[in-house]
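Asks: My structure is stored as upload.cif, with mmCIF, C-alpha atoms.
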```cif
data_start
#
loop_
_atom_site.group_PDB
_atom_site.id
_atom_site.type_symbol
_atom_site.label_atom_id
_atom_site.label_comp_id
_atom_site.auth_asym_id
_atom_site.auth_seq_id
_atom_site.Cartn_x
_atom_site.Cartn_y
_atom_site.Cartn_z
ATOM 1 C CA MET A 130 43.165 36.317 127.954
ATOM 2 C CA LYS A 131 41.896 38.356 130.871
ATOM 3 C CA SER A 132 40.224 41.597 130.105
ATOM 4 C CA LYS A 133 37.727 43.651 132.054
ATOM 5 C CA ILE A 134 35.906 44.433 128.825
ATOM 6 C CA ILE A 135 35.256 40.706 128.285
ATOM 7 C CA SER A 136 34.079 40.000 131.834
ATOM 8 C CA ASP A 137 31.898 43.122 131.853
ATOM 9 C CA PHE A 138 30.305 42.079 128.584
ATOM 10 C CA VAL A 139 29.536 38.559 129.834
ATOM 11 C CA ALA A 140 28.227 39.927 133.160
ATOM 12 C CA GLY A 141 25.692 41.991 131.221
ATOM 13 C CA PHE A 142 23.702 38.854 130.421
ATOM 14 C CA SER A 143 21.804 36.445 132.655
ATOM 15 C CA ASP A 144 22.418 32.699 132.173
ATOM 16 C CA SER A 145 19.377 32.336 129.965
ATOM 17 C CA GLU A 146 20.383 35.342 127.861
ATOM 18 C CA LEU A 147 23.859 33.998 127.244
ATOM 19 C CA LEU A 148 23.662 31.703 124.219
ATOM 20 C CA MET A 149 27.380 31.031 123.871
ATOM 21 C CA ASN A 150 30.448 31.856 125.916
ATOM 22 C CA PHE A 151 33.535 30.311 124.388
ATOM 23 C CA HIS A 152 37.122 30.853 125.285
ATOM 24 C CA GLY A 153 39.875 28.720 123.812
ATOM 25 C CA GLU A 154 41.588 27.726 120.627
ATOM 26 C CA VAL A 155 39.383 28.146 117.577
ATOM 27 C CA ASN A 156 39.804 25.304 115.103
ATOM 28 C CA GLU A 157 37.632 23.858 112.334
ATOM 29 C CA GLU A 158 36.142 21.171 114.544
ATOM 30 C CA ARG A 159 35.189 23.614 117.298
ATOM 31 C CA ILE A 160 33.671 26.041 114.811
ATOM 32 C CA GLY A 161 31.461 23.188 113.569
ATOM 33 C CA ILE A 162 30.365 22.307 117.099
ATOM 34 C CA ILE A 163 29.665 25.918 118.140
ATOM 35 C CA LEU A 164 27.708 26.643 114.954
ATOM 36 C CA GLY A 165 25.643 23.470 115.366
ATOM 37 C CA GLU A 166 24.770 24.321 118.969
ATOM 38 C CA VAL A 167 23.907 27.944 118.276
ATOM 39 C CA GLU A 168 21.870 27.071 115.202
ATOM 40 C CA GLN A 169 19.722 24.700 117.251
ATOM 41 C CA LYS A 170 19.178 27.358 119.915
ATOM 42 C CA LEU A 171 18.278 29.954 117.300
ATOM 43 C CA GLU A 172 15.859 27.630 115.541
ATOM 44 C CA SER A 173 14.054 26.812 118.760
ATOM 45 C CA THR A 174 13.959 30.303 120.257
ATOM 46 C CA GLU A 175 14.035 32.867 117.451
ATOM 47 C CA GLU A 176 10.785 33.195 115.549
ATOM 48 C CA ASP A 177 11.975 35.889 113.187
ATOM 49 C CA PHE A 178 13.432 33.915 110.306
ATOM 50 C CA LYS A 179 15.307 36.888 108.848
ATOM 51 C CA LYS A 180 16.972 37.576 112.152
ATOM 52 C CA GLN A 181 17.831 33.898 112.598
ATOM 53 C CA ARG A 182 19.664 33.942 109.266
ATOM 54 C CA LYS A 183 21.433 37.228 109.936
ATOM 55 C CA VAL A 184 22.681 36.103 113.339
ATOM 56 C CA TYR A 185 23.838 32.761 111.956
ATOM 57 C CA ASN A 186 25.648 34.439 109.072
ATOM 58 C CA ILE A 187 27.430 36.835 111.392
ATOM 59 C CA LEU A 188 28.430 33.924 113.635
ATOM 60 C CA VAL A 189 29.941 32.048 110.711
ATOM 61 C CA GLU A 190 31.950 35.081 109.630
ATOM 62 C CA GLY A 191 32.924 36.056 113.165
ATOM 63 C CA LEU A 192 34.133 32.567 114.087
ATOM 64 C CA GLN A 193 35.932 31.916 110.829
ATOM 65 C CA ASN A 194 37.550 35.311 111.120
ATOM 66 C CA LEU A 195 38.866 34.327 114.553
ATOM 67 C CA TYR A 196 40.121 31.078 113.066
ATOM 68 C CA HIS A 197 41.976 32.785 110.227
ATOM 69 C CA HIS A 198 43.150 35.950 111.923
ATOM 70 C CA THR A 199 44.038 35.188 115.496
ATOM 71 C CA ASP A 200 47.739 35.908 115.489
ATOM 72 C CA ALA A 201 49.716 33.339 117.435
ATOM 73 C CA MET A 202 51.466 34.859 120.407
ATOM 74 C CA ALA A 203 55.175 34.252 120.800
ATOM 75 C CA GLU A 204 56.143 30.683 121.688
ATOM 76 C CA GLU A 205 56.869 31.318 125.349
ATOM 77 C CA ASP A 206 53.232 32.309 125.731
ATOM 78 C CA THR A 207 52.005 28.850 124.825
ATOM 79 C CA VAL A 208 49.080 28.955 127.248
ATOM 80 C CA GLU A 209 47.582 31.919 125.441
ATOM 81 C CA ASN A 210 48.640 30.716 122.036
ATOM 82 C CA LYS A 211 45.979 31.253 119.369
ATOM 83 C CA THR A 212 43.202 31.546 121.926
ATOM 84 C CA ALA A 213 40.182 33.678 121.259
ATOM 85 C CA THR A 214 36.936 34.600 122.981
ATOM 86 C CA PHE A 215 33.531 34.380 121.402
ATOM 87 C CA VAL A 216 30.314 35.365 123.175
ATOM 88 C CA LEU A 217 26.736 35.540 121.936
ATOM 89 C CA GLY A 218 24.021 37.063 124.076
ATOM 90 C CA ARG A 219 20.425 38.114 123.564
ATOM 91 C CA LYS A 220 18.462 40.735 125.431
ATOM 92 C CA ASP A 221 14.826 40.964 124.348
ATOM 93 C CA SER A 222 15.093 40.821 120.580
ATOM 94 C CA GLN A 223 18.612 42.195 120.223
ATOM 95 C CA TYR A 224 21.589 39.922 119.768
ATOM 96 C CA SER A 225 25.116 40.944 120.668
ATOM 97 C CA VAL A 226 28.124 39.149 119.310
ATOM 98 C CA PHE A 227 31.459 39.691 120.986
ATOM 99 C CA THR A 228 34.808 38.464 119.721
ATOM 100 C CA ALA A 229 38.277 39.002 121.149
ATOM 101 C CA ASN A 230 41.570 37.859 119.697
ATOM 102 C CA TYR A 231 45.236 38.696 119.727
ATOM 103 C CA ILE A 232 46.595 40.686 116.865
ATOM 104 C CA GLU A 233 50.119 41.660 115.935
ATOM 105 C CA VAL A 234 50.677 45.345 116.644
ATOM 106 C CA ASP A 235 51.655 45.971 113.006
ATOM 107 C CA ASN A 236 48.277 44.678 111.834
ATOM 108 C CA ILE A 237 46.299 47.120 113.958
ATOM 109 C CA PRO A 238 46.519 50.352 111.883
ATOM 110 C CA PRO A 239 45.277 48.826 108.580
ATOM 111 C CA LEU A 240 42.446 47.023 110.386
ATOM 112 C CA LYS A 241 41.479 50.205 112.237
ATOM 113 C CA ALA A 242 41.449 52.158 108.968
ATOM 114 C CA LYS A 243 39.229 49.543 107.368
ATOM 115 C CA LEU A 244 36.778 49.528 110.295
ATOM 116 C CA ASP A 245 36.644 53.342 110.240
ATOM 117 C CA LYS A 246 35.857 53.276 106.553
ATOM 118 C CA ILE A 247 33.116 50.654 107.056
ATOM 119 C CA ASN A 248 31.573 52.653 109.899
ATOM 120 C CA SER A 249 31.558 55.825 107.789
ATOM 121 C CA LEU A 250 29.352 54.211 105.125
ATOM 122 C CA ASP A 251 25.577 53.934 104.968
ATOM 123 C CA LYS A 252 23.673 50.863 103.677
ATOM 124 C CA GLU A 253 24.127 51.657 99.988
ATOM 125 C CA GLY A 254 27.742 52.733 100.532
ATOM 126 C CA LEU A 255 28.487 49.412 102.193
ATOM 127 C CA ARG A 256 26.873 47.567 99.335
ATOM 128 C CA SER A 257 29.024 49.386 96.759
ATOM 129 C CA TYR A 258 32.144 48.798 98.847
ATOM 130 C CA TYR A 259 31.278 45.089 99.110
ATOM 131 C CA LYS A 260 30.889 44.805 95.328
ATOM 132 C CA GLU A 261 34.141 46.665 94.770
ATOM 133 C CA VAL A 262 36.092 44.311 97.070
ATOM 134 C CA LEU A 263 34.248 41.241 95.736
ATOM 135 C CA ASP A 264 35.403 42.047 92.223
ATOM 136 C CA ASN A 265 38.911 43.350 92.973
ATOM 137 C CA GLY A 266 40.590 40.090 91.982
ATOM 138 C CA GLN A 267 42.470 39.855 95.272
ATOM 139 C CA TYR A 268 42.357 36.667 97.267
ATOM 140 C CA SER A 269 43.513 35.861 100.733
ATOM 141 C CA VAL A 270 44.810 32.337 101.319
ATOM 142 C CA HIS A 271 41.379 31.183 102.467
ATOM 143 C CA GLY A 272 39.489 33.016 99.739
ATOM 144 C CA GLY A 273 37.659 35.758 101.654
ATOM 145 C CA GLY A 274 39.845 38.569 100.423
ATOM 146 C CA GLY A 275 38.787 41.397 102.707
ATOM 147 C CA LEU A 276 35.019 40.914 102.662
ATOM 148 C CA VAL A 277 34.436 39.666 106.214
ATOM 149 C CA MET A 278 34.013 42.943 108.105
ATOM 150 C CA ILE A 279 32.011 44.547 105.277
ATOM 151 C CA ASP A 280 29.683 41.555 105.191
ATOM 152 C CA ILE A 281 29.243 41.574 108.969
ATOM 153 C CA ALA A 282 28.415 45.303 108.891
ATOM 154 C CA ARG A 283 25.903 44.785 106.065
ATOM 155 C CA LYS A 284 24.131 41.921 107.804
ATOM 156 C CA SER A 285 24.147 43.643 111.181
ATOM 157 C CA GLY A 286 22.740 46.938 109.937
ATOM 158 C CA ASN A 287 24.560 48.637 112.838
ATOM 159 C CA LYS A 288 27.943 50.278 113.305
ATOM 160 C CA LEU A 289 30.726 47.937 114.396
ATOM 161 C CA GLU A 290 32.163 48.665 117.822
ATOM 162 C CA CYS A 291 35.829 47.878 118.206
ATOM 163 C CA ASP A 292 38.508 48.286 120.793
ATOM 164 C CA PHE A 293 42.254 47.703 120.668
ATOM 165 C CA SER A 294 44.313 47.371 123.826
ATOM 166 C CA GLU A 295 47.992 46.745 124.291
ATOM 167 C CA VAL A 296 49.145 43.330 125.552
ATOM 168 C CA ASN A 297 52.892 43.712 125.068
ATOM 169 C CA ASP A 298 55.262 45.351 122.567
ATOM 170 C CA ASP A 299 54.294 42.923 119.819
ATOM 171 C CA PHE A 300 50.656 42.086 120.462
ATOM 172 C CA GLY A 301 47.381 43.807 121.067
ATOM 173 C CA LEU A 302 43.933 42.528 121.967
ATOM 174 C CA TYR A 303 41.294 43.231 119.337
ATOM 175 C CA ILE A 304 37.712 43.328 120.548
ATOM 176 C CA LEU A 305 34.752 43.523 118.219
ATOM 177 C CA LYS A 306 31.131 43.995 119.244
ATOM 178 C CA ILE A 307 28.324 43.491 116.782
ATOM 179 C CA LYS A 308 24.651 44.149 117.374
ATOM 180 C CA VAL A 309 21.962 42.414 115.345
ATOM 181 C CA MET B 47 32.147 14.515 79.699
ATOM 182 C CA ASP B 48 31.792 13.234 83.256
ATOM 183 C CA PRO B 49 29.276 14.992 85.480
ATOM 184 C CA ILE B 50 30.158 16.391 88.892
ATOM 185 C CA LYS B 51 28.059 14.967 91.693
ATOM 186 C CA ILE B 52 28.888 16.075 95.214
ATOM 187 C CA GLU B 53 26.725 15.343 98.243
ATOM 188 C CA GLY B 54 26.124 18.283 100.544
ATOM 189 C CA THR B 55 27.587 18.462 104.056
ATOM 190 C CA PRO B 56 26.814 20.902 106.912
ATOM 191 C CA LYS B 57 29.511 23.178 105.474
ATOM 192 C CA THR B 58 29.499 22.502 101.734
ATOM 193 C CA PRO B 59 26.733 22.483 99.126
ATOM 194 C CA THR B 60 25.291 19.725 96.972
ATOM 195 C CA VAL B 61 26.647 20.070 93.448
ATOM 196 C CA ASN B 62 25.267 18.506 90.287
ATOM 197 C CA PHE B 63 26.909 19.611 87.049
ATOM 198 C CA ASP B 64 25.546 17.612 84.138
ATOM 199 C CA ALA B 65 26.843 18.354 80.634
ATOM 200 C CA GLU B 66 24.260 16.037 79.028
ATOM 201 C CA SER B 67 21.265 17.976 80.320
ATOM 202 C CA GLY B 68 23.026 21.348 80.426
ATOM 203 C CA VAL B 69 21.875 21.858 84.020
ATOM 204 C CA LEU B 70 24.366 22.984 86.663
ATOM 205 C CA GLU B 71 23.142 23.068 90.274
ATOM 206 C CA VAL B 72 24.613 24.293 93.552
ATOM 207 C CA LYS B 73 22.296 23.820 96.546
ATOM 208 C CA GLY B 74 22.421 24.034 100.307
ATOM 209 C CA ARG B 75 24.946 25.915 102.379
ATOM 210 C CA SER B 76 28.453 26.957 101.531
ATOM 211 C CA ILE B 77 30.424 27.894 104.622
ATOM 212 C CA PRO B 78 33.748 26.022 104.390
ATOM 213 C CA GLU B 79 36.796 27.596 106.057
ATOM 214 C CA ASN B 80 38.599 27.286 102.743
ATOM 215 C CA ALA B 81 36.243 27.641 99.818
ATOM 216 C CA VAL B 82 38.966 27.872 97.148
ATOM 217 C CA GLU B 83 39.701 24.163 97.519
ATOM 218 C CA PHE B 84 36.034 23.269 97.100
ATOM 219 C CA TYR B 85 35.246 25.508 94.123
ATOM 220 C CA LYS B 86 38.368 25.073 91.988
ATOM 221 C CA PRO B 87 37.235 21.747 90.419
ATOM 222 C CA LEU B 88 33.876 23.350 89.557
ATOM 223 C CA VAL B 89 35.564 26.254 87.777
ATOM 224 C CA ASP B 90 37.841 23.817 85.888
ATOM 225 C CA TRP B 91 34.851 21.707 84.879
ATOM 226 C CA ILE B 92 33.058 24.743 83.416
ATOM 227 C CA GLY B 93 36.194 25.533 81.377
ATOM 228 C CA ASN B 94 35.974 22.094 79.745
ATOM 229 C CA TYR B 95 32.191 22.285 79.444
ATOM 230 C CA GLY B 96 32.577 25.193 77.015
ATOM 231 C CA ASP B 97 33.718 22.767 74.305
ATOM 232 C CA ASN B 98 31.011 20.180 75.028
ATOM 233 C CA ALA B 99 28.112 22.452 75.889
ATOM 234 C CA LYS B 100 24.432 22.082 75.113
ATOM 235 C CA SER B 101 22.892 24.971 73.177
ATOM 236 C CA ASP B 102 21.198 26.166 76.381
ATOM 237 C CA THR B 103 22.551 25.973 79.899
ATOM 238 C CA VAL B 104 20.652 26.601 83.111
ATOM 239 C CA VAL B 105 22.576 27.295 86.292
ATOM 240 C CA ASN B 106 20.529 26.818 89.458
ATOM 241 C CA ILE B 107 21.945 28.478 92.535
ATOM 242 C CA GLN B 108 19.876 27.669 95.597
ATOM 243 C CA LEU B 109 21.876 28.568 98.669
ATOM 244 C CA GLU B 110 20.631 29.010 102.196
ATOM 245 C CA TYR B 111 23.864 30.562 103.421
ATOM 246 C CA PHE B 112 27.269 31.280 102.016
ATOM 247 C CA ASN B 113 30.276 32.767 103.736
ATOM 248 C CA THR B 114 32.621 35.426 102.406
ATOM 249 C CA SER B 115 35.223 32.767 101.652
ATOM 250 C CA SER B 116 32.670 31.332 99.209
ATOM 251 C CA SER B 117 31.587 34.683 97.743
ATOM 252 C CA LYS B 118 34.704 35.262 95.676
ATOM 253 C CA CYS B 119 34.687 31.618 94.573
ATOM 254 C CA ILE B 120 31.067 31.898 93.442
ATOM 255 C CA LEU B 121 32.082 34.986 91.481
ATOM 256 C CA ASP B 122 34.852 32.881 89.882
ATOM 257 C CA VAL B 123 32.270 30.281 88.867
ATOM 258 C CA PHE B 124 30.153 33.025 87.262
ATOM 259 C CA LYS B 125 33.171 34.576 85.516
ATOM 260 C CA LYS B 126 34.100 31.193 84.084
ATOM 261 C CA LEU B 127 30.503 30.817 82.888
ATOM 262 C CA GLU B 128 30.745 34.275 81.330
ATOM 263 C CA SER B 129 33.820 33.106 79.407
ATOM 264 C CA VAL B 130 31.932 30.163 77.848
ATOM 265 C CA ASN B 131 28.694 32.110 77.324
ATOM 266 C CA GLY B 132 28.391 32.279 73.538
ATOM 267 C CA LYS B 133 29.322 28.635 73.053
ATOM 268 C CA THR B 134 26.083 28.016 74.947
ATOM 269 C CA THR B 135 23.297 30.344 76.032
ATOM 270 C CA ILE B 136 23.426 30.570 79.792
ATOM 271 C CA THR B 137 20.780 31.676 82.279
ATOM 272 C CA ILE B 138 21.484 31.854 85.984
ATOM 273 C CA HIS B 139 18.508 31.076 88.216
ATOM 274 C CA TRP B 140 19.196 32.640 91.604
ATOM 275 C CA HIS B 141 16.857 31.163 94.224
ATOM 276 C CA TYR B 142 16.151 32.830 97.526
ATOM 277 C CA GLU B 143 13.725 32.084 100.299
ATOM 278 C CA GLU B 144 10.719 34.338 100.761
ATOM 279 C CA ASP B 145 11.688 37.415 102.827
ATOM 280 C CA ASP B 146 15.411 36.618 102.681
ATOM 281 C CA GLU B 147 16.398 40.057 101.432
ATOM 282 C CA ASP B 148 20.073 39.451 102.126
ATOM 283 C CA MET B 149 20.125 36.507 99.720
ATOM 284 C CA LEU B 150 18.185 38.460 97.088
ATOM 285 C CA GLU B 151 20.644 41.361 97.412
ATOM 286 C CA ALA B 152 23.569 38.957 97.125
ATOM 287 C CA GLY B 153 22.135 37.717 93.815
ATOM 288 C CA GLU B 154 21.644 41.275 92.608
ATOM 289 C CA ASP B 155 25.247 42.089 93.512
ATOM 290 C CA TYR B 156 26.481 39.277 91.252
ATOM 291 C CA GLN B 157 24.013 40.298 88.568
ATOM 292 C CA ALA B 158 25.545 43.794 88.573
ATOM 293 C CA ILE B 159 29.030 42.364 87.956
ATOM 294 C CA ILE B 160 28.346 39.428 85.621
ATOM 295 C CA ASN B 161 27.198 39.777 82.046
ATOM 296 C CA ILE B 162 24.831 36.781 81.986
ATOM 297 C CA PRO B 163 21.030 36.999 82.385
ATOM 298 C CA PHE B 164 19.889 36.320 85.960
ATOM 299 C CA LYS B 165 16.424 35.207 86.922
ATOM 300 C CA MET B 166 15.564 35.840 90.586
ATOM 301 C CA ILE B 167 13.311 33.087 91.894
ATOM 302 C CA GLU B 168 11.540 33.487 95.216
ATOM 303 C CA MET B 169 10.738 30.214 96.973
ATOM 304 C CA GLU B 170 8.416 29.576 99.891
ATOM 305 C CA GLU B 171 10.881 27.233 101.469
ATOM 306 C CA MET B 172 14.303 26.050 100.356
#
```
For the structure just supplied, provide its representation as structure tokens.
Replies:
Amino acid sequence: MKSKIISDFVAGFSDSELLMNFHGEVNEERIGIILGEVEQKLESTEEDFKKQRKVYNILVEGLQNLYHHTDAMAEEDTVENKTATFVLGRKDSQYSVFTANYIEVDNIPPLKAKLDKINSLDKEGLRSYYKEVLDNGQYSVHGGGGLVMIDIARKSGNKLECDFSEVNDDFGLYILKIKV
Amino acid sequence: MDPIKIEGTPKTPTVNFDAESGVLEVKGRSIPENAVEFYKPLVDWIGNYGDNAKSDTVVNIQLEYFNTSSSKCILDVFKKLESVNGKTTITIHWHYEEDDEDMLEAGEDYQAIINIPFKMIEMEEM
């Protein structure tokens, strides 16, 4: 997964500002390790308890979203199979979370529409939308049922920045930037 | 009826459901990748509890974090409680840590959907 957007994002942080820079296959074990490491760093460096919680929450959702939604590239692309990028940086008191994963081209338009809707809503609008989806009786296999991006937007308090670029006829690269 | 006693892990909460005392507790953090698996036995237990319930039931929810995979499952727990409310008088005590507005809002969101009295309890430290 080589993308100028990813390298530019990482280059924007000094070593001490970069709290996590992960590239590889996201599985349950790795999520546990990454969360443990980042939680320790947050506890020792972030004095604002509310912010600590928000960042941790967004990390959980962001990582688990990568785990559930990274579409596996075709078999001949085994090297890039199910790999994703996850970066967390902090400049002064602002955290930036960056995720990148492959997505089947057919899944792009509905995701884009959902992100547009989320970005069009204010705080109260997001809250109503969250409640509506929470109580819509629809479940995804892992239980989240469409709440992830709404929850991330609520916790972040900022608009979600996203970018889709073409990889081949079947796959695109989905990049999400979240500021906390 | 047998209680449910589950020790907490870094990804799943401590659970104590005790029909004899009528106290049902979920504490800690709930961030499993697949929450449905974890919560289904709790929902089933509540279904059976309806026929063996104490006159009053207190549900203590004291979560530090929960992920979106858990949110719908927690709603399922509350909906199951709603279905047995009447056979027992239920109160949900929603605990949140001082200044944790996100957790308070999360409780209020459930309160808006579920027809059971909620009591919001602010704690200095979880």
Asks: Find the residue from B:Met166, B:Leu109, B:Val104, B:Leu88 that sits nearest to Pro59 (chain B); use all atoms listed in the file when measuring.
Replies: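 Closest to Pro59 (chain B), using all atoms listed in the file: B:Leu109.
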Asks: Counting all atoms listed in the file, a student should be able to say which residues of chain B come within 8 Å of chain A; what is the right answer, written as an MDAnalysis selection string?
Replies: chainID B and resid 77 79:82 111:119 121 145:146 148 155 159
Asks: Choose the residue, out of A:Lys288, A:Lys306, A:Lys133, A:Lys246, that has the smallest atom-to-atom separation from Phe227 (chain A); count all atoms listed in the file.
Replies: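 Comparing A:Lys288, A:Lys306, A:Lys133, A:Lys246 against Phe227 (chain A), the winner is A:Lys306.
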Asks: Check the smallest atom-to-atom distance from each of A:Leu171, A:Ile237, A:Val226, A:Leu195 to Ser294 (chain A) using all atoms listed in the file, then report the winner.
Replies: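 Checking each of A:Leu171, A:Ile237, A:Val226, A:Leu195 against Ser294 (chain A), counting all atoms listed in the file, the winner is A:Ile237.
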Asks: Quick one: which residues end up in the PyMOL selection byres ((chain A and resi 300) around 7) for this structure, as a ChimeraX atom specification?
Replies: /A:231-234,295-299,301-302
Asks: Check what the PyMOL selection byres ((chain A and resi 218) around 12) selects in the file above and give those residues as number ranges by chain.
Replies: A: 138-151, 167, 170-171, 184, 188, 215-217, 219-228, 306-309
Asks: Taking the file as shown, what set of residues would the PyMOL selection byres ((chain B and resi 150) around 12) give back, as a ChimeraX atom specification?
Replies: /B:107-111,139-149,151-157,164-169
Asks: Tell me, as an MDAnalysis selection string, which residues lie within 6 Å of Thr60 (chain B), counting only C-alpha atoms; anything in the same chain fewer than 4 positions away does not count.
Replies: chainID B and resid 52:54 72:73
